[in-house]
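Asks: Below is the file work39.cif, which contains mmCIF, C-alpha atoms.
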data_coords
#
loop_
_atom_site.label_atom_id
_atom_site.label_comp_id
_atom_site.auth_asym_id
_atom_site.auth_seq_id
_atom_site.Cartn_x
_atom_site.Cartn_y
_atom_site.Cartn_z
CA MET A 477 -26.57 -127.52 27.90
CA ALA A 478 -28.70 -130.58 28.48
CA GLY A 479 -28.68 -132.55 31.70
CA MET A 480 -26.09 -134.90 33.12
CA THR A 481 -26.80 -138.58 33.71
CA ASP A 482 -24.95 -141.59 35.07
CA THR A 483 -25.27 -145.01 33.48
CA PRO A 484 -25.42 -147.93 35.89
CA ASP A 485 -22.06 -149.28 37.12
CA ILE A 486 -20.86 -152.06 34.82
CA GLN A 487 -18.10 -154.15 36.47
CA ALA A 488 -16.84 -151.06 38.34
CA THR A 489 -16.63 -148.94 35.19
CA LYS A 490 -18.83 -145.85 35.33
CA VAL A 491 -19.81 -143.51 32.50
CA ILE A 492 -20.73 -139.90 33.30
CA THR A 493 -22.64 -138.19 30.49
CA LEU A 494 -22.96 -134.50 29.76
CA GLY A 495 -24.85 -132.91 26.91
CA CYS A 496 -27.25 -134.23 24.31
CA ARG A 497 -29.33 -137.36 23.89
CA LEU A 498 -26.90 -138.59 21.26
CA ASN A 499 -24.19 -138.51 23.93
CA ALA A 500 -26.53 -140.44 26.23
CA TYR A 501 -27.02 -143.09 23.56
CA GLU A 502 -23.29 -143.31 22.94
CA SER A 503 -22.63 -143.62 26.66
CA ASP A 504 -24.85 -146.71 26.69
CA VAL A 505 -22.70 -148.21 23.94
CA ILE A 506 -19.48 -147.22 25.74
CA ALA A 507 -20.73 -148.82 28.96
CA GLN A 508 -21.68 -152.01 27.13
CA ASN A 509 -18.32 -152.15 25.36
CA ALA A 510 -16.52 -151.65 28.68
CA ARG A 511 -18.54 -154.44 30.24
CA ASP A 512 -17.89 -156.80 27.34
CA ALA A 513 -14.16 -156.04 27.53
CA GLU A 514 -14.16 -156.62 31.31
CA ASP A 515 -12.77 -153.14 31.76
CA ARG A 516 -12.50 -152.45 35.49
CA GLY A 517 -11.83 -149.50 37.72
CA ALA A 518 -12.39 -146.64 35.27
CA VAL A 519 -14.57 -143.56 35.22
CA ILE A 520 -15.32 -142.31 31.71
CA ILE A 521 -16.54 -138.72 31.30
CA ASN A 522 -18.41 -138.22 28.01
CA THR A 523 -18.12 -134.44 27.61
CA CYS A 524 -20.09 -131.72 25.85
CA ALA A 525 -18.75 -128.70 23.94
CA VAL A 526 -21.91 -126.90 22.85
CA THR A 527 -21.09 -123.82 24.99
CA ASN A 528 -18.15 -122.53 27.00
CA ASP A 529 -20.17 -123.32 30.12
CA ALA A 530 -20.54 -126.93 28.92
CA VAL A 531 -16.76 -127.24 28.60
CA ALA A 532 -16.27 -125.75 32.07
CA GLU A 533 -18.80 -128.20 33.52
CA SER A 534 -16.98 -131.06 31.79
CA ARG A 535 -13.76 -130.03 33.55
CA ARG A 536 -15.59 -129.80 36.87
CA GLN A 537 -16.93 -133.32 36.41
CA VAL A 538 -13.42 -134.61 35.72
CA ARG A 539 -12.18 -133.15 39.01
CA LYS A 540 -15.22 -134.43 40.90
CA ALA A 541 -14.83 -137.91 39.42
CA LYS A 542 -11.28 -138.11 40.71
CA ARG A 543 -12.27 -136.85 44.16
CA ASP A 544 -15.08 -139.38 44.38
CA ASN A 545 -13.01 -142.21 42.87
CA PRO A 546 -9.38 -141.56 43.84
CA ASP A 547 -8.17 -145.00 42.73
CA ALA A 548 -9.98 -145.02 39.37
CA ARG A 549 -8.53 -144.41 35.93
CA ILE A 550 -10.10 -141.23 34.56
CA ILE A 551 -10.85 -141.34 30.82
CA VAL A 552 -12.20 -138.22 29.11
CA THR A 553 -13.99 -138.37 25.77
CA GLY A 554 -16.83 -136.63 23.88
CA CYS A 555 -17.00 -133.40 21.92
CA ALA A 556 -14.99 -131.21 24.30
CA ALA A 557 -12.20 -133.79 24.36
CA GLN A 558 -12.29 -134.10 20.57
CA ILE A 559 -12.01 -130.34 20.02
CA ASP A 560 -9.33 -129.65 22.63
CA PRO A 561 -7.70 -132.90 23.79
CA ALA A 562 -4.60 -131.19 25.14
CA MET A 563 -6.65 -129.15 27.60
CA PHE A 564 -7.91 -132.33 29.26
CA ALA A 565 -4.60 -134.19 28.93
CA ASP A 566 -2.98 -131.35 30.90
CA MET A 567 -5.29 -132.02 33.85
CA SER A 568 -3.51 -134.02 36.53
CA GLU A 569 -6.68 -136.05 37.18
CA VAL A 570 -6.83 -137.43 33.63
CA ASP A 571 -5.22 -140.73 32.59
CA GLN A 572 -6.39 -140.83 28.97
CA VAL A 573 -8.25 -138.74 26.39
CA LEU A 574 -10.27 -140.51 23.67
CA GLY A 575 -11.76 -138.89 20.58
CA ASN A 576 -15.38 -139.24 19.50
CA HIS A 577 -14.47 -141.94 16.98
CA GLU A 578 -12.23 -143.84 19.37
CA LYS A 579 -14.82 -143.88 22.17
CA MET A 580 -17.18 -145.99 20.06
CA ASN A 581 -14.55 -148.65 19.27
CA PRO A 582 -14.80 -151.72 21.53
CA MET A 583 -11.01 -152.11 21.26
CA SER A 584 -10.57 -148.88 23.25
CA PHE A 585 -11.49 -150.70 26.46
CA GLY A 586 -10.22 -153.63 28.46
CA PRO A 587 -6.81 -154.80 29.63
CA ASP A 588 -5.38 -154.94 26.09
CA ALA A 589 -6.55 -151.46 25.04
CA PRO A 590 -3.96 -148.89 23.83
CA THR A 591 -2.73 -146.70 26.65
CA GLU A 592 -1.49 -143.56 24.85
CA ARG A 593 -2.44 -140.51 26.87
CA ILE A 594 -4.17 -138.89 23.85
CA ARG A 595 -5.95 -141.06 21.28
CA VAL A 596 -7.86 -138.54 19.17
CA ASN A 597 -8.18 -138.94 15.41
CA ASP A 598 -8.80 -136.12 12.93
CA ILE A 599 -12.60 -136.32 13.05
CA MET A 600 -12.92 -134.74 9.60
CA SER A 601 -11.11 -137.75 8.13
CA VAL A 602 -13.64 -140.24 9.49
CA ARG A 603 -15.85 -141.62 6.71
CA GLU A 604 -17.12 -144.98 7.93
CA THR A 605 -20.15 -145.46 10.14
CA ALA A 606 -19.66 -145.98 13.83
CA PRO A 607 -18.26 -149.37 14.92
CA GLN A 608 -21.42 -150.29 16.83
CA PHE A 609 -23.24 -150.69 13.52
CA MET A 610 -20.97 -153.23 11.88
CA GLY A 611 -23.73 -155.78 11.49
CA SER A 612 -24.03 -157.15 15.02
CA GLU A 613 -27.61 -157.33 16.24
CA ASN A 614 -26.25 -157.25 19.78
CA ALA A 615 -24.42 -153.98 19.20
CA VAL A 616 -27.22 -151.81 20.58
CA PRO A 617 -27.97 -150.76 24.17
CA SER A 618 -29.25 -153.70 26.17
CA LYS A 619 -32.61 -153.78 27.94
CA SER A 620 -30.67 -153.57 31.21
CA GLN A 621 -30.16 -149.86 30.60
CA SER A 622 -32.39 -147.52 32.56
CA ARG A 623 -34.36 -145.86 29.78
CA SER A 624 -37.89 -146.91 28.89
CA ARG A 625 -37.40 -146.02 25.23
CA ALA A 626 -34.44 -146.79 22.98
CA PHE A 627 -32.45 -144.01 21.32
CA LEU A 628 -30.85 -145.29 18.13
CA GLN A 629 -28.08 -143.31 16.44
CA VAL A 630 -28.58 -143.41 12.67
CA GLN A 631 -26.41 -140.45 11.67
CA ASN A 632 -23.39 -138.57 12.96
CA GLY A 633 -21.61 -135.34 12.08
CA CYS A 634 -22.82 -132.29 10.18
CA ASP A 635 -21.93 -130.74 6.81
CA HIS A 636 -23.41 -127.35 7.73
CA ARG A 637 -21.67 -124.57 9.56
CA CYS A 638 -24.16 -122.54 11.57
CA THR A 639 -22.36 -119.48 12.86
CA PHE A 640 -23.04 -120.23 16.54
CA CYS A 641 -22.19 -123.94 16.50
CA ILE A 642 -18.90 -125.69 17.32
CA ILE A 643 -20.30 -129.22 17.14
CA PRO A 644 -19.20 -130.08 13.54
CA TYR A 645 -15.61 -129.75 14.74
CA GLY A 646 -16.32 -132.31 17.45
CA ARG A 647 -18.40 -134.66 15.32
CA GLY A 648 -16.96 -134.34 11.82
CA ASN A 649 -18.81 -134.44 8.51
CA SER A 650 -22.20 -136.08 8.08
CA ARG A 651 -22.14 -139.88 8.02
CA SER A 652 -25.18 -142.11 7.70
CA VAL A 653 -25.75 -145.65 8.90
CA PRO A 654 -27.10 -147.83 6.05
CA ALA A 655 -30.82 -148.53 6.26
CA GLY A 656 -30.42 -152.32 6.41
CA GLU A 657 -28.27 -152.12 9.53
CA ILE A 658 -30.70 -149.69 11.16
CA VAL A 659 -33.64 -152.01 10.49
CA GLY A 660 -31.69 -154.89 12.03
CA SER A 661 -30.99 -152.82 15.12
CA VAL A 662 -34.65 -151.80 15.46
CA LYS A 663 -35.69 -155.46 15.24
CA SER A 664 -33.18 -156.30 17.98
CA LEU A 665 -34.51 -153.51 20.20
CA VAL A 666 -38.10 -154.70 19.77
CA ARG A 667 -37.02 -158.24 20.71
CA GLN A 668 -35.45 -156.78 23.85
CA GLY A 669 -38.85 -155.37 24.78
CA TYR A 670 -38.67 -151.71 23.78
CA ASN A 671 -42.02 -150.25 22.75
CA GLU A 672 -40.61 -147.00 21.37
CA VAL A 673 -37.51 -146.27 19.30
CA VAL A 674 -36.24 -142.73 18.81
CA LEU A 675 -34.06 -142.11 15.75
CA THR A 676 -31.32 -139.66 16.62
CA GLY A 677 -28.29 -137.99 15.10
CA VAL A 678 -26.30 -134.77 15.07
CA ASP A 679 -28.15 -133.61 11.93
CA LEU A 680 -30.87 -136.22 11.54
CA SER A 681 -32.42 -134.47 8.52
CA SER A 682 -29.28 -135.11 6.48
CA TRP A 683 -29.45 -138.90 6.84
CA GLY A 684 -28.81 -140.58 3.50
CA GLY A 685 -26.97 -137.72 1.84
CA ASP A 686 -23.72 -139.73 1.79
CA LEU A 687 -25.30 -143.09 0.88
CA PRO A 688 -25.70 -144.52 -2.65
CA GLY A 689 -28.67 -142.86 -4.35
CA THR A 690 -28.84 -140.23 -1.55
CA PRO A 691 -32.11 -141.53 -0.06
CA PRO A 692 -34.06 -139.03 2.07
CA LEU A 693 -34.89 -139.63 5.71
CA GLY A 694 -38.45 -140.53 4.73
CA ASP A 695 -37.18 -143.62 2.92
CA LEU A 696 -35.53 -144.88 6.09
CA VAL A 697 -38.63 -144.25 8.20
CA ARG A 698 -40.82 -146.03 5.64
CA ARG A 699 -38.52 -149.08 5.63
CA ILE A 700 -38.55 -149.31 9.42
CA LEU A 701 -42.33 -149.12 9.62
CA LYS A 702 -42.76 -151.69 6.83
CA LEU A 703 -40.08 -154.17 7.89
CA VAL A 704 -40.63 -153.97 11.66
CA PRO A 705 -44.42 -154.13 11.95
CA GLU A 706 -44.15 -155.24 15.58
CA LEU A 707 -42.66 -151.87 16.62
CA PRO A 708 -45.48 -149.97 18.39
CA ARG A 709 -44.06 -146.46 18.27
CA LEU A 710 -41.38 -144.61 16.29
CA ARG A 711 -40.23 -141.09 17.03
CA LEU A 712 -37.70 -138.66 15.62
CA SER A 713 -35.31 -136.51 17.61
CA SER A 714 -34.60 -132.88 16.64
CA ILE A 715 -35.09 -132.15 12.95
CA ASP A 716 -34.55 -129.19 10.63
CA PRO A 717 -37.89 -127.69 9.49
CA ALA A 718 -36.55 -127.14 5.97
CA GLU A 719 -35.75 -130.79 5.33
CA VAL A 720 -38.93 -132.79 5.88
CA ASP A 721 -39.20 -134.63 2.55
CA ASP A 722 -42.52 -135.61 0.98
CA VAL A 723 -42.35 -139.25 2.06
CA LEU A 724 -41.54 -138.30 5.64
CA PHE A 725 -44.34 -135.75 5.73
CA GLU A 726 -46.84 -138.34 4.49
CA LEU A 727 -45.78 -140.83 7.16
CA LEU A 728 -45.92 -138.24 9.93
CA ALA A 729 -49.35 -137.14 8.77
CA THR A 730 -50.96 -140.56 8.28
CA ASP A 731 -49.15 -143.40 10.10
CA THR A 732 -50.42 -143.78 13.67
CA ARG A 733 -47.22 -145.58 14.70
CA MET A 734 -45.34 -142.33 14.12
CA SER A 735 -45.57 -140.18 17.21
CA PRO A 736 -47.53 -136.99 16.43
CA TYR A 737 -44.68 -134.87 17.69
CA LEU A 738 -41.69 -133.10 16.14
CA HIS A 739 -38.90 -131.28 17.91
CA LEU A 740 -37.80 -128.51 15.56
CA SER A 741 -34.28 -127.14 15.39
CA LEU A 742 -35.85 -123.70 15.00
CA GLN A 743 -33.31 -121.41 16.76
CA ALA A 744 -35.13 -118.16 15.87
CA GLY A 745 -38.35 -116.81 14.40
CA ASP A 746 -36.84 -113.86 12.55
CA ASP A 747 -35.56 -114.27 9.00
CA MET A 748 -32.61 -111.90 9.34
CA ILE A 749 -31.37 -113.65 12.48
CA LEU A 750 -31.86 -117.03 10.80
CA LYS A 751 -29.78 -115.79 7.87
CA ARG A 752 -27.03 -114.57 10.18
CA MET A 753 -27.10 -117.94 11.92
CA LYS A 754 -26.73 -119.59 8.47
CA ARG A 755 -29.81 -121.69 9.08
CA ARG A 756 -31.45 -123.50 6.16
CA HIS A 757 -35.05 -122.50 6.84
CA THR A 758 -37.10 -119.33 7.06
CA ARG A 759 -39.80 -118.44 9.54
CA ALA A 760 -42.42 -119.20 6.88
CA ASP A 761 -40.93 -122.66 6.27
CA ALA A 762 -41.40 -123.61 9.91
CA VAL A 763 -44.87 -122.12 10.26
CA GLU A 764 -46.12 -123.76 7.06
CA LEU A 765 -44.74 -127.20 7.95
CA CYS A 766 -46.47 -127.13 11.32
CA ARG A 767 -49.71 -125.81 9.81
CA ARG A 768 -49.79 -128.63 7.26
CA LEU A 769 -49.10 -131.32 9.84
CA LYS A 770 -51.78 -129.99 12.18
CA SER A 771 -54.30 -129.82 9.35
CA GLU A 772 -53.65 -133.48 8.45
CA ARG A 773 -53.33 -134.72 12.02
CA PRO A 774 -54.83 -132.34 14.61
CA GLU A 775 -53.21 -134.10 17.58
CA PHE A 776 -49.73 -133.04 16.40
CA THR A 777 -47.62 -131.03 18.85
CA PHE A 778 -44.21 -129.42 18.53
CA GLY A 779 -41.09 -128.77 20.51
CA ALA A 780 -38.37 -126.35 19.49
CA ASP A 781 -34.97 -124.93 20.37
CA ILE A 782 -34.77 -121.13 20.37
CA ILE A 783 -31.73 -118.97 21.10
CA ALA A 784 -32.41 -115.71 22.93
CA GLY A 785 -30.26 -112.67 22.24
CA PHE A 786 -28.25 -113.80 19.22
CA PRO A 787 -25.79 -110.99 18.28
CA THR A 788 -27.49 -108.09 16.38
CA GLU A 789 -30.98 -109.20 17.55
CA THR A 790 -33.11 -106.06 17.87
CA ASP A 791 -36.37 -105.71 19.80
CA SER A 792 -38.41 -106.23 16.64
CA MET A 793 -36.37 -109.28 15.65
CA PHE A 794 -36.90 -110.73 19.10
CA ASP A 795 -40.64 -110.04 18.83
CA ASN A 796 -40.70 -112.25 15.73
CA SER A 797 -39.17 -115.10 17.70
CA LEU A 798 -41.54 -114.53 20.59
CA SER A 799 -44.64 -114.49 18.41
CA VAL A 800 -43.73 -117.64 16.50
CA ILE A 801 -44.26 -119.64 19.70
CA SER A 802 -47.98 -118.91 19.75
CA GLU A 803 -48.30 -118.80 15.95
CA ILE A 804 -47.08 -122.38 15.64
CA GLY A 805 -48.20 -123.48 19.10
CA ILE A 806 -45.02 -124.83 20.74
CA PRO A 807 -45.71 -126.34 24.16
CA TRP A 808 -42.31 -128.04 24.50
CA LEU A 809 -39.82 -125.20 24.25
CA HIS A 810 -36.08 -125.26 25.00
CA VAL A 811 -34.69 -121.75 25.41
CA PHE A 812 -30.95 -121.05 25.31
CA PRO A 813 -29.60 -117.59 26.17
CA PHE A 814 -26.93 -116.92 23.55
CA SER A 815 -23.52 -117.93 24.83
CA PRO A 816 -20.56 -117.18 22.54
CA ARG A 817 -18.54 -120.29 21.75
CA GLU A 818 -14.88 -119.60 21.09
CA GLY A 819 -13.98 -120.68 17.55
CA THR A 820 -17.35 -119.83 15.97
CA PRO A 821 -18.10 -116.80 13.75
CA ALA A 822 -20.91 -115.63 16.05
CA ALA A 823 -18.42 -115.21 18.89
CA LYS A 824 -16.79 -112.39 16.92
CA ILE A 825 -20.01 -110.38 16.51
CA PRO A 826 -20.72 -107.67 19.11
CA PRO A 827 -23.11 -109.25 21.62
CA VAL A 828 -26.48 -108.13 22.91
CA ASN A 829 -26.37 -106.75 26.46
CA GLY A 830 -26.43 -109.62 28.95
CA ASN A 831 -29.36 -108.26 30.95
CA ILE A 832 -31.39 -107.96 27.75
CA VAL A 833 -30.51 -111.53 26.81
CA LYS A 834 -31.72 -112.77 30.21
CA ALA A 835 -34.97 -110.81 29.93
CA ARG A 836 -35.63 -112.16 26.43
CA ALA A 837 -34.92 -115.72 27.53
CA LYS A 838 -37.41 -115.33 30.37
CA ALA A 839 -40.06 -113.94 28.02
CA LEU A 840 -39.57 -116.90 25.68
CA ARG A 841 -39.80 -119.39 28.54
CA ASP A 842 -42.95 -117.72 29.86
CA ALA A 843 -44.54 -117.92 26.41
CA GLY A 844 -43.60 -121.59 26.14
CA ALA A 845 -44.99 -122.32 29.61
CA ALA A 846 -48.29 -120.68 28.64
CA GLU A 847 -48.50 -122.80 25.49
CA LYS A 848 -47.77 -125.96 27.48
CA ALA A 849 -50.43 -125.20 30.08
CA ALA A 850 -52.98 -124.42 27.38
CA HIS A 851 -52.19 -127.60 25.47
CA LEU A 852 -52.43 -129.80 28.56
CA ARG A 853 -55.85 -128.39 29.40
CA THR A 854 -57.10 -129.48 25.98
CA ARG A 855 -56.30 -133.11 26.84
CA ILE A 856 -58.61 -133.29 29.88
CA GLY A 857 -61.34 -135.88 29.29
CA SER A 858 -59.49 -137.65 26.49
CA GLU A 859 -58.03 -141.15 26.33
CA ASP A 860 -54.65 -142.14 24.92
CA ILE A 861 -51.80 -144.65 25.15
CA ALA A 862 -48.92 -143.86 27.52
CA LEU A 863 -45.41 -145.28 27.55
CA PHE A 864 -44.38 -145.55 31.18
CA GLU A 865 -41.01 -144.49 32.51
CA GLU A 866 -38.97 -145.46 35.54
CA THR A 867 -40.54 -142.71 37.63
CA GLY A 868 -44.06 -144.06 37.19
CA LEU A 869 -44.90 -141.22 34.83
CA GLY A 870 -46.22 -141.95 31.36
CA ARG A 871 -45.44 -140.17 28.11
CA LEU A 872 -48.25 -139.82 25.56
CA PRO A 873 -47.57 -139.93 21.81
CA ASP A 874 -47.83 -136.11 21.61
CA PHE A 875 -45.06 -135.87 24.25
CA SER A 876 -47.40 -134.87 27.10
CA MET A 877 -46.41 -136.32 30.47
CA VAL A 878 -49.13 -137.93 32.56
CA LYS A 879 -49.00 -138.82 36.26
CA VAL A 880 -51.27 -141.61 37.52
CA ASP A 881 -51.95 -143.24 40.88
CA ASN A 882 -51.83 -146.74 39.38
CA PRO A 883 -48.79 -146.70 37.04
CA ALA A 884 -47.96 -149.59 34.75
CA ALA A 885 -44.50 -151.19 34.63
CA ALA A 886 -41.65 -149.08 33.27
CA GLY A 887 -41.31 -149.49 29.52
CA SER A 888 -44.87 -150.78 29.06
CA LEU A 889 -47.76 -149.23 27.16
CA ALA A 890 -51.11 -148.65 28.84
CA LYS A 891 -54.36 -146.92 27.99
CA ILE A 892 -54.93 -143.76 30.03
CA ARG A 893 -57.95 -141.60 30.77
CA ILE A 894 -56.97 -137.96 31.40
CA THR A 895 -58.86 -136.48 34.34
CA ASP A 896 -57.04 -133.22 35.09
CA ALA A 897 -53.98 -131.14 34.30
CA THR A 898 -51.37 -129.04 36.07
CA PRO A 899 -49.27 -126.46 34.21
CA GLU A 900 -46.53 -129.10 33.86
CA HIS A 901 -48.23 -132.47 33.38
CA LEU A 902 -51.49 -134.33 33.01
CA ILE A 903 -53.25 -136.36 35.69
CA GLY A 904 -54.88 -139.60 34.66
CA GLN A 905 -55.79 -143.16 35.40
CA VAL A 906 -54.76 -146.43 33.78
CA ILE A 907 -57.84 -148.01 32.29
CA GLY A 908 -56.36 -150.83 30.21
#
Can you give me the file's structure in the form of C-alpha cells?
Replies:
Amino acid sequence: MAGMTDTPDIQATKVITLGCRLNAYESDVIAQNARDAEDRGAVIINTCAVTNDAVAESRRQVRKAKRDNPDARIIVTGCAAQIDPAMFADMSEVDQVLGNHEKMNPMSFGPDAPTERIRVNDIMSVRETAPQFMGSENAVPSKSQSRSRAFLQVQNGCDHRCTFCIIPYGRGNSRSVPAGEIVGSVKSLVRQGYNEVVLTGVDLSSWGGDLPGTPPLGDLVRRILKLVPELPRLRLSSIDPAEVDDVLFELLATDTRMSPYLHLSLQAGDDMILKRMKRRHTRADAVELCRRLKSERPEFTFGADIIAGFPTETDSMFDNSLSVISEIGIPWLHVFPFSPREGTPAAKIPPVNGNIVKARAKALRDAGAAEKAAHLRTRIGSEDIALFEETGLGRLPDFSMVKVDNPAAAGSLAKIRITDATPEHLIGQVIG
C-alpha cells in the first residue's frame, strides 16, 4: 500500500487519502469541489482496497478521523468503499458512503448534496469520463495544492483481470478521457505554473482503447508535446511493458521533454509466475524494451513493482525475479510481499510460507537498493535540471533525488551540478 497524505483544509473540509497517486489526484479534485460547493465541517476518507491490510487501514483512519473531529461529518469513498459499501456504512462513525464515480461529481458536496447513507453506483455500468473533464479548464487541481508537479488523470478502470488484483471491481472497466480535453487541461496546468505534468490512470497503457479509432497512448503524448510547447517536462506513471506502442517508444527515445524514466508494472521476472498472474508481458518483453530505450537514450532509468512470494513461486522462479533487477538495472524498486486479497483468484491458491515471502521481499529490496546506490554514483560530476519540491529537494528527469544547500523555490526548475551521492540521494549545488 502506498502512503497516506492529507490535502490542505479547504473551508473546514479535510480529505484524507490512502493508496495510489491516482487517489491523490482525485483527492485534489474532491477537495476543490468541496471548496467550490462551500461544503463545511466534513472529513472525507478516500480509501484503498489493493490489499486486505489497505482495507483495514482505511477502517482505522475512519475511526481516527472521528476521534480527532468528533463534530465532523465522516464521508467514506474510494475503492474500498466502492467494493464493500455496507461494511463502512455499518460503522457508527460514518455518515455517508460515496462510490468512486460519485466522489468525482461536484454535486456530491455542499448543502444541497444528496444525503442517502450509501450512494454507490454499479461501477461496471459507468461509461462516461469523469465529471472533472467535462470541458472546464478550471476543473483541474489548482496551484494552491501542495505538490510541485501536477498529476493528471487521463484514464480510469481496467479491462484486464490479473489474478491478484481487486482494483477493477473498485474502478470499473477502462475509460479514456478524450485527447482534446486532456490537452486543454495540460494548457491550464502550465498557465498555473506547473513545470511537470504526470499522466496517470489505473491502466494507463490502455488509454484510447474505448475512443473512436482506438488511438494508442503514443498519439496522446505526441499531441500534448506538439500542442503545448510551453510544457517543460512530461512524465508517465506506471505502464505495462507489453504496451509501449511505436509512437510512444519514439517519443520516449528522442524527445528531451519526455522524462527519461519509466515505472514498469512488472510484478515478476519469471514467465510462469507472470502467466499465473495473467499479466500481458513476458520477462523478455520487459528486458528488451528497457534495452532498446537505454540504447537510444543512455540516461534512461527504470522503476518497477515486483510482488515477492506469489503463490506457487519456487526458489528458481524467485531467482528469475531477483536477477531481472540487475539485468534491466532498476534503481527505483517497489517491492510488495504477496498479500492475498479476498475475492481474487490468487487468494484461493495455496500460499508460499510467510517467512519465505518476507525473506524474498528483503532480498528484492536489497537488490534494488544496490542498483539505486550504483546508479546515483554514476551521476557524480554531471549537470542536470532539477524540479524542486516543497522539502527543498530536487528531482532530476531520471527520477534521481538531489539535495542542495541552496534550493530553488518549490515547483521551479534549476540547473544542478552533482558533487556527491549517498545510497539514497544525490548531493549537488544550484548553478543556474
Asks: Expressed in Å to a single decimal, how great is the separation between atom CA of A:Val833 and atom CA of A:Ala556?
Replies: 25.2 Å
Asks: For A:Gly554, which residue out of A:Met567, A:Ile643, A:Ile832, A:Val906 is the nearest one, using all atoms listed in the file?
Replies: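 Ranked by minimum distance to A:Gly554, first place goes to A:Ile643.
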Asks: Considering all atoms listed in the file, can you say which of A:Val630, A:Ala846, A:Val704, A:Leu809 comes closest to A:Leu742?
Replies: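 Looking only at the distances to A:Leu742, the closest residue turns out to be A:Leu809.
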Asks: Do you have the atom CA of A:Asp746-atom CA of A:Phe786 distance handy?
Replies: 10.9 Å
Asks: Which stretch 676-782 of chain A residues have any atom within 9 Å of an atom of stretch 873-893 of chain A, and for each, what is the nearest pair of atoms with distance in Å to one decimal, counting all atoms listed in the file, rows sorted by chain and number, as a tab-separated table?
Replies:
residue	atom	partner	partner_atom	distance
A:Arg709	CA	A:Pro873	CA	8.2
A:Arg711	CA	A:Pro873	CA	8.8
A:Met734	CA	A:Pro873	CA	8.4
A:Ser735	CA	A:Pro873	CA	5.0
A:Pro736	CA	A:Asp874	CA	5.3
A:Tyr737	CA	A:Asp874	CA	5.2
A:Leu738	CA	A:Asp874	CA	8.8
A:Glu775	CA	A:Asp874	CA	7.0
A:Phe776	CA	A:Asp874	CA	6.3
A:Thr777	CA	A:Asp874	CA	5.8
A:Phe778	CA	A:Asp874	CA	8.2
A:Gly779	CA	A:Phe875	CA	9.0
Asks: Record the distance separating atom CA of A:Ala744 and atom CA of A:Ala843, expressed in Å with one decimal.
Replies: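 Separation between atom CA of A:Ala744 and atom CA of A:Ala843: 14.1 Å.
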Asks: Counting all atoms listed in the file, note down every residue that has an atom within 10 Å of the point (-24.0, -107.7, 17.3) (file coordinates), as number ranges by chain.
Replies: A: 785-790, 822-829
Asks: Output the selection as a compact mmCIF listing (two decimals), in the frame of the given file - C-alpha atoms for each residue.
Replies:
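Saved to result.txt:
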# COMPACT_ATOMS: atom_id res chain seq x y z
CA GLY A 785 -30.26 -112.67 22.24
CA PHE A 786 -28.25 -113.80 19.22
CA PRO A 787 -25.79 -110.99 18.28
CA THR A 788 -27.49 -108.09 16.38
CA GLU A 789 -30.98 -109.20 17.55
CA THR A 790 -33.11 -106.06 17.87
CA ALA A 822 -20.91 -115.63 16.05
CA ALA A 823 -18.42 -115.21 18.89
CA LYS A 824 -16.79 -112.39 16.92
CA ILE A 825 -20.01 -110.38 16.51
CA PRO A 826 -20.72 -107.67 19.11
CA PRO A 827 -23.11 -109.25 21.62
CA VAL A 828 -26.48 -108.13 22.91
CA ASN A 829 -26.37 -106.75 26.46
